[in-house]
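Chemist: Hey, dropping model-v7.csv in here, CSV, C-alpha atoms:
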```csv
chain,number,residue,atom,x,y,z
A,23,GLY,CA,21.6,-15.2,13.8
A,24,GLY,CA,21.8,-11.6,12.7
A,25,HIS,CA,18.1,-11.2,12.4
A,26,ILE,CA,17.1,-13.0,15.6
A,27,MET,CA,16.0,-9.9,17.5
A,28,ARG,CA,15.0,-7.9,14.4
A,29,PRO,CA,12.3,-9.9,12.6
A,30,LEU,CA,11.1,-6.8,10.6
A,31,LEU,CA,14.3,-7.2,8.6
A,32,ILE,CA,12.7,-10.3,7.1
A,33,VAL,CA,10.3,-8.0,5.3
A,34,ARG,CA,12.6,-5.0,4.8
A,35,ASP,CA,11.6,-5.0,1.1
A,36,ARG,CA,8.0,-4.3,2.0
A,37,ASN,CA,6.3,-1.3,3.6
A,38,VAL,CA,5.6,-2.5,7.1
A,39,LYS,CA,4.9,-0.6,10.3
A,40,LEU,CA,4.9,-2.0,13.8
A,41,VAL,CA,2.4,-0.5,16.2
A,42,ILE,CA,2.6,-1.3,19.9
A,43,ASN,CA,-0.8,-1.3,21.7
A,44,GLU,CA,-0.3,-1.4,25.5
A,45,GLY,CA,-3.8,-2.9,26.0
A,46,GLY,CA,-5.4,-6.0,24.7
A,47,PHE,CA,-7.8,-7.0,22.1
A,48,GLY,CA,-9.8,-10.0,23.3
A,49,GLY,CA,-7.5,-13.1,23.2
A,50,VAL,CA,-5.4,-11.9,20.2
A,51,LEU,CA,-1.7,-11.3,20.7
A,52,ALA,CA,-1.2,-9.4,17.4
A,53,THR,CA,-2.9,-8.6,14.1
A,54,THR,CA,-1.6,-7.8,10.7
A,55,LYS,CA,-3.6,-5.8,8.1
A,56,LYS,CA,-2.9,-5.0,4.5
A,57,PHE,CA,-3.7,-1.7,2.9
A,58,THR,CA,-3.7,-0.7,-0.7
A,59,SER,CA,-4.0,2.6,-2.6
A,60,GLY,CA,-3.3,3.9,-6.0
A,61,SER,CA,-5.3,1.3,-7.8
A,62,GLY,CA,-3.5,-1.4,-5.9
A,63,LYS,CA,0.0,-0.2,-6.7
A,64,ASN,CA,0.8,1.0,-3.3
A,65,VAL,CA,0.7,-1.6,-0.6
A,66,HIS,CA,1.6,-1.3,3.1
A,67,TYR,CA,1.1,-3.5,6.1
A,68,ILE,CA,0.4,-2.6,9.8
A,69,ILE,CA,1.3,-5.1,12.5
A,70,GLU,CA,-0.4,-4.2,15.7
A,71,LEU,CA,1.1,-5.9,18.8
A,72,TYR,CA,-1.2,-6.1,21.9
A,73,ARG,CA,1.5,-6.0,24.6
A,74,GLY,CA,-0.9,-6.3,27.5
A,75,ARG,CA,-2.4,-9.5,26.2
A,76,CYS,CA,1.1,-10.8,25.4
A,77,LEU,CA,2.2,-10.1,28.9
A,78,ASP,CA,-0.7,-12.0,30.3
A,79,VAL,CA,0.0,-15.1,28.3
A,80,TYR,CA,3.8,-14.9,28.9
A,81,SER,CA,3.4,-14.3,32.7
A,82,SER,CA,1.3,-17.4,33.1
A,83,SER,CA,3.5,-19.6,30.9
A,84,TRP,CA,6.4,-22.0,31.7
A,85,LEU,CA,8.8,-19.5,30.0
A,86,VAL,CA,9.1,-17.4,33.1
A,87,GLY,CA,10.4,-20.2,35.3
A,88,LYS,CA,13.0,-21.1,32.7
A,89,GLY,CA,14.4,-17.6,32.6
A,90,ILE,CA,13.3,-16.9,29.0
A,91,ASP,CA,12.5,-13.2,29.0
A,92,PHE,CA,9.4,-11.3,27.7
A,93,ASP,CA,11.3,-9.7,24.9
A,94,THR,CA,12.0,-13.1,23.4
A,95,PHE,CA,8.3,-14.0,23.6
A,96,LEU,CA,7.5,-10.7,21.8
A,97,VAL,CA,10.0,-11.4,19.1
A,98,GLY,CA,8.2,-14.7,18.5
A,99,VAL,CA,4.9,-13.0,18.2
A,100,ILE,CA,6.2,-10.4,15.7
A,101,THR,CA,8.1,-13.0,13.7
A,102,HIS,CA,4.8,-15.0,13.3
A,103,GLU,CA,3.1,-11.8,12.0
A,104,VAL,CA,6.0,-11.1,9.6
A,105,ALA,CA,5.6,-14.6,8.2
A,106,HIS,CA,2.1,-13.8,7.2
A,107,ILE,CA,3.4,-11.0,5.0
A,108,ARG,CA,6.4,-12.8,3.6
A,109,TYR,CA,4.6,-16.0,2.6
A,110,GLY,CA,1.5,-14.8,1.0
A,111,THR,CA,-1.4,-15.0,3.5
A,112,PHE,CA,-2.9,-11.9,1.9
A,113,ARG,CA,-2.6,-13.2,-1.6
A,114,LYS,CA,-5.9,-15.1,-1.4
A,115,GLN,CA,-8.9,-14.2,0.7
A,116,GLU,CA,-11.0,-16.8,2.6
A,117,PRO,CA,-13.9,-18.0,0.4
A,118,ILE,CA,-16.2,-18.6,3.3
A,119,LEU,CA,-16.8,-15.9,5.9
A,120,ASN,CA,-17.8,-17.5,9.1
A,121,GLY,CA,-16.0,-18.4,12.3
A,122,LEU,CA,-15.6,-22.1,11.7
A,123,PHE,CA,-14.0,-21.8,8.3
A,124,SER,CA,-11.8,-18.9,9.5
A,125,PHE,CA,-10.6,-21.0,12.5
A,126,ILE,CA,-9.8,-24.0,10.3
A,127,SER,CA,-7.9,-21.8,7.8
A,128,HIS,CA,-6.0,-20.0,10.5
A,129,CYS,CA,-4.8,-23.4,11.9
A,130,LEU,CA,-3.5,-24.5,8.6
A,131,GLU,CA,-2.1,-21.2,7.5
A,132,ASP,CA,-0.3,-20.5,10.7
A,133,SER,CA,1.4,-23.8,10.5
A,134,ARG,CA,2.3,-23.2,6.8
A,135,ILE,CA,3.9,-19.8,7.3
A,136,GLU,CA,5.9,-20.8,10.3
A,137,HIS,CA,7.2,-23.9,8.5
A,138,ALA,CA,8.2,-21.7,5.6
A,139,LEU,CA,9.9,-19.1,7.7
A,140,ALA,CA,11.8,-21.7,9.8
A,141,PHE,CA,13.0,-23.4,6.6
A,142,GLU,CA,14.3,-20.1,5.1
A,143,PHE,CA,15.5,-18.6,8.4
A,144,PRO,CA,16.4,-21.5,10.7
A,145,SER,CA,17.6,-19.1,13.4
A,146,TYR,CA,14.0,-18.1,14.0
A,147,SER,CA,12.7,-21.7,14.5
A,148,LYS,CA,13.5,-21.7,18.2
A,149,VAL,CA,11.8,-18.4,19.1
A,150,LEU,CA,8.7,-19.4,17.1
A,151,SER,CA,8.5,-22.8,19.0
A,152,LEU,CA,9.0,-21.1,22.3
A,153,THR,CA,6.2,-18.6,21.7
A,154,LEU,CA,3.8,-21.3,20.5
A,155,SER,CA,4.6,-23.6,23.4
A,156,ALA,CA,3.9,-20.7,25.8
A,157,VAL,CA,0.3,-20.8,24.6
A,158,GLY,CA,0.1,-24.6,24.2
A,159,ASP,CA,-3.2,-26.3,24.8
A,160,ARG,CA,-4.1,-24.3,27.9
A,161,PHE,CA,-6.9,-22.4,26.2
A,162,LEU,CA,-8.6,-25.4,24.5
A,163,ILE,CA,-12.0,-25.8,26.1
A,164,ASP,CA,-14.4,-28.3,24.6
A,165,SER,CA,-17.7,-26.4,25.0
A,166,ASP,CA,-19.5,-28.4,22.4
A,167,MET,CA,-19.0,-31.1,19.8
A,168,MET,CA,-17.9,-28.7,17.0
A,169,THR,CA,-15.5,-26.8,19.3
A,170,LYS,CA,-13.9,-30.1,20.3
A,171,TYR,CA,-13.2,-31.0,16.6
A,172,ALA,CA,-11.7,-27.5,16.1
A,173,ASN,CA,-9.5,-27.9,19.2
A,174,ASP,CA,-8.4,-31.3,18.0
A,175,LEU,CA,-7.4,-29.7,14.7
A,176,PHE,CA,-5.5,-26.9,16.5
A,177,ALA,CA,-3.6,-29.4,18.7
A,178,LEU,CA,-2.6,-31.5,15.6
A,179,SER,CA,-1.7,-28.7,13.2
A,180,ARG,CA,-0.1,-26.3,15.6
A,181,LEU,CA,1.2,-28.4,18.5
A,182,GLY,CA,1.8,-31.7,16.7
A,183,MET,CA,-0.2,-33.6,19.2
A,184,ILE,CA,-3.3,-35.8,19.2
A,185,ARG,CA,-5.5,-35.1,22.1
A,186,SER,CA,-6.9,-37.8,24.3
A,187,GLY,CA,-10.3,-38.8,23.1
A,188,ALA,CA,-9.9,-37.4,19.6
A,189,ASP,CA,-12.1,-38.9,16.9
A,190,GLU,CA,-9.8,-41.3,15.1
A,191,ASP,CA,-11.6,-41.0,11.8
A,192,PHE,CA,-11.3,-37.2,11.9
A,193,ILE,CA,-7.6,-37.3,12.7
A,194,SER,CA,-7.0,-39.8,9.9
A,195,PHE,CA,-8.9,-37.5,7.5
A,196,VAL,CA,-7.1,-34.2,8.5
A,197,LEU,CA,-3.6,-35.4,9.0
A,198,PRO,CA,-2.7,-35.6,5.3
A,199,ILE,CA,-4.3,-32.2,4.7
A,200,VAL,CA,-2.3,-30.7,7.6
A,201,LEU,CA,0.9,-32.1,6.3
A,202,SER,CA,0.3,-31.0,2.6
A,203,SER,CA,-0.9,-27.5,3.6
A,204,ARG,CA,2.3,-27.0,5.7
A,205,ARG,CA,4.5,-27.6,2.7
A,206,MET,CA,2.7,-25.9,-0.1
A,207,SER,CA,1.0,-22.6,-1.1
A,208,ARG,CA,-1.7,-20.4,0.4
A,209,GLU,CA,-4.0,-21.6,-2.4
A,210,ASN,CA,-3.3,-25.2,-1.4
A,211,GLU,CA,-4.1,-24.4,2.2
A,212,ILE,CA,-7.4,-22.9,1.3
A,213,VAL,CA,-8.4,-26.1,-0.6
A,214,GLY,CA,-7.4,-28.1,2.4
A,215,ALA,CA,-9.4,-25.9,4.7
A,216,LEU,CA,-12.5,-26.3,2.5
A,217,ALA,CA,-12.2,-30.1,2.7
A,218,ILE,CA,-12.0,-30.0,6.5
A,219,TYR,CA,-14.9,-27.5,6.6
A,220,ASP,CA,-17.1,-29.7,4.4
A,221,TYR,CA,-16.2,-32.7,6.6
A,222,LEU,CA,-17.3,-30.9,9.8
A,223,VAL,CA,-20.5,-29.5,8.3
A,224,ALA,CA,-21.4,-33.0,7.3
A,225,LYS,CA,-20.6,-34.2,10.8
A,226,GLU,CA,-22.7,-31.5,12.3
A,227,ASN,CA,-25.7,-32.3,10.0
A,228,GLU,CA,-25.3,-36.0,10.9
A,229,HIS,CA,-25.3,-35.0,14.6
A,230,GLN,CA,-28.5,-32.9,14.2
A,231,ASP,CA,-30.3,-35.6,12.2
A,232,SER,CA,-29.5,-38.0,15.0
A,233,SER,CA,-30.8,-35.6,17.7
A,234,ILE,CA,-34.0,-35.1,15.7
A,235,THR,CA,-34.5,-38.8,15.5
A,236,GLN,CA,-34.1,-39.2,19.2
A,237,GLY,CA,-36.2,-36.1,20.0
A,238,LYS,CA,-33.4,-34.3,21.7
A,239,ILE,CA,-33.3,-31.0,19.8
A,240,ASP,CA,-33.3,-28.2,22.4
A,241,SER,CA,-31.8,-24.7,23.0
A,242,SER,CA,-28.4,-26.3,23.4
A,243,SER,CA,-28.2,-27.6,19.8
A,244,ILE,CA,-25.1,-26.8,18.0
A,245,ALA,CA,-25.0,-24.4,15.0
A,246,VAL,CA,-22.8,-25.1,12.0
A,247,ALA,CA,-20.7,-22.0,12.8
A,248,SER,CA,-20.9,-22.4,16.5
A,249,ILE,CA,-17.3,-21.1,16.9
A,250,ASN,CA,-17.6,-17.3,17.2
A,251,ASP,CA,-14.9,-14.6,17.1
A,252,LYS,CA,-14.4,-14.8,20.9
A,253,ASP,CA,-13.8,-18.6,20.6
A,254,ILE,CA,-11.3,-18.1,17.9
A,255,GLU,CA,-9.5,-15.4,20.0
A,256,ARG,CA,-9.3,-17.7,23.0
A,257,ILE,CA,-8.0,-20.7,21.1
A,258,VAL,CA,-5.6,-19.0,18.7
A,259,ALA,CA,-4.2,-16.5,21.2
```
Reformat the file's structure so that it appears as structure tokens.
Modeler:
Amino acid sequence: GGHIMRPLLIVRDRNVKLVINEGGFGGVLATTKKFTSGSGKNVHYIIELYRGRCLDVYSSSWLVGKGIDFDTFLVGVITHEVAHIRYGTFRKQEPILNGLFSFISHCLEDSRIEHALAFEFPSYSKVLSLTLSAVGDRFLIDSDMMTKYANDLFALSRLGMIRSGADEDFISFVLPIVLSSRRMSRENEIVGALAIYDYLVAKENEHQDSSITQGKIDSSSIAVASINDKDIERIVA
């Protein structure tokens, strides 16, 4: 397609600047920020690409052995960020500001925007899939119960897979939400993320109540928002 190596053309009607950072930023491959001025009338976006981190992920992926070059991987990363701008991620802010909710919302929203972009621009679907598959499930580490649930959600919503040992009740609950969020609006995705968040908070409270009953509360007990920013960077990267 004519746009395949120039994803910024997808948002050529917006004020978007791409900044290449040769270093890294934790586990993040790229970030997109929205800036407004003039009482909200002037809007511009900055996509910052962390090339060093991208190279780390690419170099340790299966893409290298298949002869798929680094530039193709970078196009996929930039295309993903462009999709956030085109399909309204910045239209509605997250209503709960903690690591767990942010991770849930990111899983659903990333799936939604990529689905929307691949539908409108089919020539980009392959490069998006290649980039996502380069990350795969290599960074999913089940450090505690809540992180395991989060990883299961990531695998289902982003990779289309059900991990071995996943909670069947949880998968049955989130699957319709994942599918509906993928096909609808940012607002719908937020509603879905809230439902999953409430489910996991209830699950966490149930777990803590059980631990108290059994006299097993200790320093390793899990907090509701036990997924911190570094966890998110590792999993989403």
Chemist: Residues near Ile126 (chain A), anyone? I mean within 9 Å using all atoms listed in the file, not counting same-chain ones fewer than 5 positions away, as a PyMOL selection string.
Modeler: chain A and resi 121+131+172+175-176+215-216+218-219
Chemist: A:Val79, A:Ala224, A:Ile118, A:Ile107: which is nearest Arg160 (chain A), counting all atoms listed in the file?
Modeler: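 Result for the nearest residue to Arg160 (chain A): A:Val79.
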Chemist: I'd like the neighbourhood of Thr58 (chain A) as a PDB file with C-alpha atoms, keeping the file's coordinate frame, where a residue qualifies if any of its atoms comes within 12 Å (using all atoms listed in the file), though same-chain residues fewer than 4 positions away should be ignored.
Modeler:
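So out_21.pdb came out as:
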```
ATOM      1  CA  ASN A  37       6.300  -1.300   3.600  1.00  0.00           C
ATOM      2  CA  GLY A  62      -3.500  -1.400  -5.900  1.00  0.00           C
ATOM      3  CA  LYS A  63       0.000  -0.200  -6.700  1.00  0.00           C
ATOM      4  CA  ASN A  64       0.800   1.000  -3.300  1.00  0.00           C
ATOM      5  CA  VAL A  65       0.700  -1.600  -0.600  1.00  0.00           C
ATOM      6  CA  HIS A  66       1.600  -1.300   3.100  1.00  0.00           C
ATOM      7  CA  TYR A  67       1.100  -3.500   6.100  1.00  0.00           C
ATOM      8  CA  ILE A  68       0.400  -2.600   9.800  1.00  0.00           C
ATOM      9  CA  PHE A 112      -2.900 -11.900   1.900  1.00  0.00           C
TER      10      PHE A 112
END
```
Chemist: Taking only residues of region 150-248 of chain A that have an atom at most 9 Å from an atom of region 91-101 of chain A, what is each one's shortest atom pair and its distance in Å to one decimal, using only C-alpha atoms, in chain and number order, as CSV?
Modeler:
```
residue,atom,partner,partner_atom,distance
A:Leu150,CA,A:Gly98,CA,4.9
A:Ser151,CA,A:Gly98,CA,8.1
A:Leu152,CA,A:Phe95,CA,7.3
A:Thr153,CA,A:Phe95,CA,5.4
A:Leu154,CA,A:Gly98,CA,8.2
A:Ala156,CA,A:Phe95,CA,8.3
```
Chemist: Give me the residues within 10 Å of Ala217 (chain A) as a CSV table (one decimal) with C-alpha atoms, in the coordinates of the input, counting only C-alpha atoms and dropping any in the same chain fewer than 5 places off.
Modeler:
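Result written to selection_34.csv:
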```csv
chain,number,residue,atom,x,y,z
A,195,PHE,CA,-8.9,-37.5,7.5
A,196,VAL,CA,-7.1,-34.2,8.5
A,199,ILE,CA,-4.3,-32.2,4.7
A,211,GLU,CA,-4.1,-24.4,2.2
A,212,ILE,CA,-7.4,-22.9,1.3
A,222,LEU,CA,-17.3,-30.9,9.8
```
Chemist: May I have the residues at most 12 Å from (0.4, -16.0, 4.1) in the file's coordinates, counting all atoms listed in the file, as a ChimeraX atom specification?
Modeler: /A:54-56,102-116,127-139,203-204,206-212
Chemist: Keeping C-alpha atoms for every residue in the selection just given, could you write it to a file as a PDB file, in the frame of the given file?
Modeler:
```
ATOM      1  CA  THR A  54      -1.600  -7.800  10.700  1.00  0.00           C
ATOM      2  CA  LYS A  55      -3.600  -5.800   8.100  1.00  0.00           C
ATOM      3  CA  LYS A  56      -2.900  -5.000   4.500  1.00  0.00           C
ATOM      4  CA  HIS A 102       4.800 -15.000  13.300  1.00  0.00           C
ATOM      5  CA  GLU A 103       3.100 -11.800  12.000  1.00  0.00           C
ATOM      6  CA  VAL A 104       6.000 -11.100   9.600  1.00  0.00           C
ATOM      7  CA  ALA A 105       5.600 -14.600   8.200  1.00  0.00           C
ATOM      8  CA  HIS A 106       2.100 -13.800   7.200  1.00  0.00           C
ATOM      9  CA  ILE A 107       3.400 -11.000   5.000  1.00  0.00           C
ATOM     10  CA  ARG A 108       6.400 -12.800   3.600  1.00  0.00           C
ATOM     11  CA  TYR A 109       4.600 -16.000   2.600  1.00  0.00           C
ATOM     12  CA  GLY A 110       1.500 -14.800   1.000  1.00  0.00           C
ATOM     13  CA  THR A 111      -1.400 -15.000   3.500  1.00  0.00           C
ATOM     14  CA  PHE A 112      -2.900 -11.900   1.900  1.00  0.00           C
ATOM     15  CA  ARG A 113      -2.600 -13.200  -1.600  1.00  0.00           C
ATOM     16  CA  LYS A 114      -5.900 -15.100  -1.400  1.00  0.00           C
ATOM     17  CA  GLN A 115      -8.900 -14.200   0.700  1.00  0.00           C
ATOM     18  CA  GLU A 116     -11.000 -16.800   2.600  1.00  0.00           C
ATOM     19  CA  SER A 127      -7.900 -21.800   7.800  1.00  0.00           C
ATOM     20  CA  HIS A 128      -6.000 -20.000  10.500  1.00  0.00           C
ATOM     21  CA  CYS A 129      -4.800 -23.400  11.900  1.00  0.00           C
ATOM     22  CA  LEU A 130      -3.500 -24.500   8.600  1.00  0.00           C
ATOM     23  CA  GLU A 131      -2.100 -21.200   7.500  1.00  0.00           C
ATOM     24  CA  ASP A 132      -0.300 -20.500  10.700  1.00  0.00           C
ATOM     25  CA  SER A 133       1.400 -23.800  10.500  1.00  0.00           C
ATOM     26  CA  ARG A 134       2.300 -23.200   6.800  1.00  0.00           C
ATOM     27  CA  ILE A 135       3.900 -19.800   7.300  1.00  0.00           C
ATOM     28  CA  GLU A 136       5.900 -20.800  10.300  1.00  0.00           C
ATOM     29  CA  HIS A 137       7.200 -23.900   8.500  1.00  0.00           C
ATOM     30  CA  ALA A 138       8.200 -21.700   5.600  1.00  0.00           C
ATOM     31  CA  LEU A 139       9.900 -19.100   7.700  1.00  0.00           C
ATOM     32  CA  SER A 203      -0.900 -27.500   3.600  1.00  0.00           C
ATOM     33  CA  ARG A 204       2.300 -27.000   5.700  1.00  0.00           C
ATOM     34  CA  MET A 206       2.700 -25.900  -0.100  1.00  0.00           C
ATOM     35  CA  SER A 207       1.000 -22.600  -1.100  1.00  0.00           C
ATOM     36  CA  ARG A 208      -1.700 -20.400   0.400  1.00  0.00           C
ATOM     37  CA  GLU A 209      -4.000 -21.600  -2.400  1.00  0.00           C
ATOM     38  CA  ASN A 210      -3.300 -25.200  -1.400  1.00  0.00           C
ATOM     39  CA  GLU A 211      -4.100 -24.400   2.200  1.00  0.00           C
ATOM     40  CA  ILE A 212      -7.400 -22.900   1.300  1.00  0.00           C
TER      41      ILE A 212
END
```
Chemist: So how far away is CA of Val149 (chain A) from CA of Pro29 (chain A), in Å?
Modeler: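 Those two atoms sit 10.7 Å apart.
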Chemist: If we count all atoms listed in the file, what is near Asn43 (chain A) at a cut-off of 7 Å, once residues fewer than 4 positions away on the same chain are taken out, given as a PDB file with C-alpha atoms, in the frame of the given file?
Modeler:
```pdb
ATOM      1  CA  GLU A  70      -0.400  -4.200  15.700  1.00  0.00           C
ATOM      2  CA  LEU A  71       1.100  -5.900  18.800  1.00  0.00           C
ATOM      3  CA  TYR A  72      -1.200  -6.100  21.900  1.00  0.00           C
ATOM      4  CA  ARG A  73       1.500  -6.000  24.600  1.00  0.00           C
TER       5      ARG A  73
END
```
Chemist: Can you tell me how far CA of Leu40 (chain A) sits from CA of Leu162 (chain A), in Å to one decimal?
Modeler: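 According to the coordinates, CA of Leu40 (chain A) and CA of Leu162 (chain A) are separated by 29.1 Å.
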Chemist: Which of these residues is nearest to Ala188 (chain A), using all atoms listed in the file: A:Lys88, A:Lys170, A:Lys225, A:Arg28?
Modeler: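 Going through A:Lys88, A:Lys170, A:Lys225, A:Arg28 one by one, the smallest distance to Ala188 (chain A) is for A:Lys170.
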